[in-house]
file run_25.txt (compact mmCIF, C-alpha atoms)
# COMPACT_ATOMS: atom_id res chain seq x y z
CA MET A 168 39.47 8.05 11.11
CA LYS A 169 36.90 9.83 8.99
CA THR A 170 34.74 12.60 10.34
CA SER A 171 31.36 13.00 8.71
CA SER A 172 28.44 15.29 9.37
CA ASN A 173 24.83 14.20 9.68
CA LEU A 174 21.66 16.00 8.60
CA ASN A 175 21.67 18.09 11.78
CA GLY A 176 25.20 19.37 11.10
CA GLN A 177 26.70 17.26 13.89
CA THR A 178 29.94 15.40 13.23
CA THR A 179 30.53 11.74 13.91
CA ASP A 180 33.82 9.91 14.29
CA ARG A 181 32.54 6.42 13.58
CA PRO A 182 34.57 4.63 10.92
CA GLY A 183 32.67 2.77 8.20
CA THR A 184 29.29 4.36 8.91
CA THR A 185 29.41 7.18 6.37
CA GLY A 186 26.29 7.19 4.23
CA THR A 187 24.12 4.98 6.42
CA PRO A 188 20.85 6.44 7.72
CA HIS A 189 22.06 6.19 11.32
CA ALA A 190 25.32 8.01 10.53
CA MET A 191 23.37 10.78 8.83
CA GLY A 192 21.21 11.31 11.93
CA VAL A 193 18.10 9.75 10.40
CA SER A 194 16.24 7.04 12.27
CA MET A 195 15.40 3.80 10.51
CA GLU A 196 11.71 4.41 11.30
CA LEU A 197 11.85 7.67 9.34
CA VAL A 198 13.52 5.93 6.40
CA LEU A 199 10.87 3.20 6.37
CA GLU A 200 8.06 5.75 6.70
CA ARG A 201 9.39 7.72 3.73
CA MET A 202 9.68 4.53 1.68
CA CYS A 203 6.03 3.69 2.43
CA VAL A 204 4.98 7.18 1.36
CA MET A 205 6.91 6.81 -1.89
CA ARG A 206 5.29 3.41 -2.47
CA ARG A 207 1.81 4.93 -2.05
CA ILE A 208 2.70 7.77 -4.42
CA PHE A 209 3.95 5.37 -7.09
CA ARG A 210 0.87 3.18 -6.71
CA GLN A 211 -1.37 6.21 -7.22
CA MET A 212 0.66 7.40 -10.20
CA PHE A 213 0.37 4.07 -11.98
CA GLY A 214 -3.19 3.25 -10.93
CA ILE A 215 -2.31 0.23 -8.79
CA PRO A 216 -5.02 -0.43 -6.17
CA ASP A 217 -3.87 0.20 -2.59
CA TYR A 218 -5.57 -2.31 -0.28
CA GLU A 219 -4.08 -0.87 2.92
CA ARG A 220 -5.42 2.57 2.04
CA TYR A 221 -8.83 1.03 1.33
CA LEU A 222 -8.82 -0.69 4.75
CA ALA A 223 -7.96 2.58 6.51
CA HIS A 224 -10.69 4.43 4.61
CA ALA A 225 -13.26 1.70 5.32
CA ALA A 226 -12.43 1.71 9.03
CA VAL A 227 -12.93 5.48 9.30
CA ARG A 228 -15.82 6.09 6.88
CA HIS A 229 -17.71 2.78 6.95
CA PRO A 230 -16.94 1.08 10.28
CA ASP A 231 -20.06 -1.12 10.26
CA ALA A 232 -19.79 -2.30 6.65
CA PRO A 233 -17.97 -5.54 5.82
CA VAL A 234 -14.63 -5.07 4.07
CA LEU A 235 -13.62 -6.80 0.87
CA SER A 236 -10.88 -9.39 0.84
CA ARG A 237 -7.67 -8.39 -0.93
CA ARG A 238 -8.60 -10.60 -3.89
CA ASP A 239 -12.12 -9.13 -4.18
CA PHE A 240 -10.77 -5.59 -3.79
CA CYS A 241 -8.27 -6.09 -6.62
CA ALA A 242 -10.89 -7.75 -8.83
CA GLN A 243 -13.28 -4.84 -8.25
CA ALA A 244 -10.53 -2.30 -9.02
CA ILE A 245 -9.66 -4.06 -12.27
CA GLU A 246 -13.32 -4.28 -13.26
CA ARG A 247 -13.83 -0.61 -12.46
CA LYS A 248 -10.80 0.36 -14.54
CA TYR A 249 -11.19 -1.96 -17.53
CA GLY A 250 -14.85 -3.07 -17.41
CA LYS A 251 -17.26 -2.22 -20.22
CA SER A 252 -19.23 0.20 -18.05
CA GLY A 253 -16.10 1.94 -16.70
CA PRO A 254 -14.42 5.04 -18.04
CA ARG A 255 -13.02 4.36 -21.51
CA CYS A 256 -11.77 6.53 -24.30
CA CYS A 257 -12.60 4.15 -27.17
call {"tool": "encode", "arguments": {"input": "run_25.txt", "output": "structure tokens"}}
result
Amino acid sequence: MKTSSNLNGQTTDRPGTTGTPHAMGVSMELVLERMCVMRRIFRQMFGIPDYERYLAHAAVRHPDAPVLSRRDFCAQAIERKYGKSGPRCC
């Protein structure tokens, strides 16, 4: 039987669980949370509009204003990025 240690330095004697988040002492919620953070970071890096972030911002900063649908939000983001009046280098 293999003995492996998790992130807290504790050892486990469970066969076949080496390398899984649970065997390393990491909860699945933490793994999913970190994946969501990475997704947001990649979206920001590549300029992909983040509708969930927009909804959170609108709820906090503009609670009485109507929110855009996902389709309208994406269309507005594309127009802002590539429209004639938007920031362009050429």
call {"tool": "closest_residue", "arguments": {"input": "run_25.txt", "among": "A:Ala225, A:Val193, A:Ile215, A:Ile208", "to": "Lys248 of chain A", "atoms": "all atoms listed in the file"}}
result
A:Ile215
call {"tool": "closest_residue", "arguments": {"input": "run_25.txt", "among": "A:His224, A:Asp217, A:Lys251, A:Gly192", "to": "Val204 of chain A", "atoms": "all atoms listed in the file"}}
result
A:Asp217
call {"tool": "atom_distance", "arguments": {"input": "run_25.txt", "atom1": "atom CA of Arg206 of chain A", "atom2": "atom CA of Pro233 of chain A"}}
result
26.3 Å
call {"tool": "atom_distance", "arguments": {"input": "run_25.txt", "atom1": "atom CA of Gly214 of chain A", "atom2": "atom CA of Leu197 of chain A"}}
result
25.6 Å
call {"tool": "atom_distance", "arguments": {"input": "run_25.txt", "atom1": "atom CA of Arg228 of chain A", "atom2": "atom CA of Phe213 of chain A"}}
result
24.9 Å
call {"tool": "closest_residue", "arguments": {"input": "run_25.txt", "among": "A:Tyr218, A:Arg247, A:Phe209, A:Leu199", "to": "Leu235 of chain A", "atoms": "all atoms listed in the file"}}
result
A:Tyr218
call {"tool": "build_atoms", "arguments": {"input": "run_25.txt", "residues": "segment 218-242 of chain A", "atoms": "N, CA and C atoms", "output": "JSON list (two decimals), keeping the file's coordinate frame"}}
result
[["chain", "number", "residue", "atom", "x", "y", "z"],
["A", 218, "TYR", "N", -4.67, -1.63, -1.22],
["A", 218, "TYR", "CA", -5.57, -2.31, -0.28],
["A", 218, "TYR", "C", -5.46, -1.74, 1.13],
["A", 219, "GLU", "N", -4.25, -1.42, 1.57],
["A", 219, "GLU", "CA", -4.08, -0.87, 2.92],
["A", 219, "GLU", "C", -4.79, 0.47, 3.05],
["A", 220, "ARG", "N", -4.73, 1.28, 2.02],
["A", 220, "ARG", "CA", -5.42, 2.57, 2.04],
["A", 220, "ARG", "C", -6.94, 2.36, 2.07],
["A", 221, "TYR", "N", -7.41, 1.37, 1.32],
["A", 221, "TYR", "CA", -8.83, 1.03, 1.33],
["A", 221, "TYR", "C", -9.27, 0.60, 2.74],
["A", 222, "LEU", "N", -8.47, -0.23, 3.39],
["A", 222, "LEU", "CA", -8.82, -0.69, 4.75],
["A", 222, "LEU", "C", -8.90, 0.48, 5.72],
["A", 223, "ALA", "N", -7.94, 1.41, 5.63],
["A", 223, "ALA", "CA", -7.96, 2.58, 6.51],
["A", 223, "ALA", "C", -9.19, 3.44, 6.24],
["A", 224, "HIS", "N", -9.51, 3.64, 4.97],
["A", 224, "HIS", "CA", -10.69, 4.43, 4.61],
["A", 224, "HIS", "C", -11.96, 3.75, 5.11],
["A", 225, "ALA", "N", -12.07, 2.44, 4.90],
["A", 225, "ALA", "CA", -13.26, 1.70, 5.32],
["A", 225, "ALA", "C", -13.45, 1.75, 6.83],
["A", 226, "ALA", "N", -12.34, 1.68, 7.57],
["A", 226, "ALA", "CA", -12.43, 1.71, 9.03],
["A", 226, "ALA", "C", -12.93, 3.06, 9.52],
["A", 227, "VAL", "N", -12.54, 4.14, 8.87],
["A", 227, "VAL", "CA", -12.93, 5.48, 9.30],
["A", 227, "VAL", "C", -14.32, 5.85, 8.80],
["A", 228, "ARG", "N", -14.57, 5.64, 7.52],
["A", 228, "ARG", "CA", -15.82, 6.09, 6.88],
["A", 228, "ARG", "C", -16.97, 5.10, 6.96],
["A", 229, "HIS", "N", -16.67, 3.81, 6.97],
["A", 229, "HIS", "CA", -17.71, 2.78, 6.95],
["A", 229, "HIS", "C", -17.39, 1.70, 7.98],
["A", 230, "PRO", "N", -17.38, 2.05, 9.27],
["A", 230, "PRO", "CA", -16.94, 1.08, 10.28],
["A", 230, "PRO", "C", -17.85, -0.14, 10.43],
["A", 231, "ASP", "N", -19.14, 0.00, 10.09],
["A", 231, "ASP", "CA", -20.06, -1.12, 10.26],
["A", 231, "ASP", "C", -20.17, -2.01, 9.03],
["A", 232, "ALA", "N", -19.68, -1.54, 7.89],
["A", 232, "ALA", "CA", -19.79, -2.30, 6.65],
["A", 232, "ALA", "C", -18.70, -3.36, 6.57],
["A", 233, "PRO", "N", -19.01, -4.51, 5.98],
["A", 233, "PRO", "CA", -17.97, -5.54, 5.82],
["A", 233, "PRO", "C", -16.94, -5.08, 4.79],
["A", 234, "VAL", "N", -15.69, -5.45, 5.01],
["A", 234, "VAL", "CA", -14.63, -5.07, 4.07],
["A", 234, "VAL", "C", -14.39, -6.20, 3.07],
["A", 235, "LEU", "N", -13.93, -5.83, 1.90],
["A", 235, "LEU", "CA", -13.62, -6.80, 0.87],
["A", 235, "LEU", "C", -12.30, -7.50, 1.19],
["A", 236, "SER", "N", -12.17, -8.72, 0.73],
["A", 236, "SER", "CA", -10.88, -9.39, 0.84],
["A", 236, "SER", "C", -9.93, -8.73, -0.15],
["A", 237, "ARG", "N", -8.65, -8.98, 0.00],
["A", 237, "ARG", "CA", -7.67, -8.39, -0.93],
["A", 237, "ARG", "C", -7.97, -8.82, -2.36],
["A", 238, "ARG", "N", -8.30, -10.08, -2.54],
["A", 238, "ARG", "CA", -8.60, -10.60, -3.89],
["A", 238, "ARG", "C", -9.83, -9.91, -4.47],
["A", 239, "ASP", "N", -10.90, -9.78, -3.69],
["A", 239, "ASP", "CA", -12.12, -9.13, -4.18],
["A", 239, "ASP", "C", -11.88, -7.64, -4.44],
["A", 240, "PHE", "N", -11.09, -7.00, -3.59],
["A", 240, "PHE", "CA", -10.77, -5.59, -3.79],
["A", 240, "PHE", "C", -10.04, -5.38, -5.11],
["A", 241, "CYS", "N", -9.03, -6.21, -5.38],
["A", 241, "CYS", "CA", -8.27, -6.09, -6.62],
["A", 241, "CYS", "C", -9.14, -6.40, -7.83],
["A", 242, "ALA", "N", -9.99, -7.41, -7.72],
["A", 242, "ALA", "CA", -10.89, -7.75, -8.83],
["A", 242, "ALA", "C", -11.85, -6.60, -9.11]]
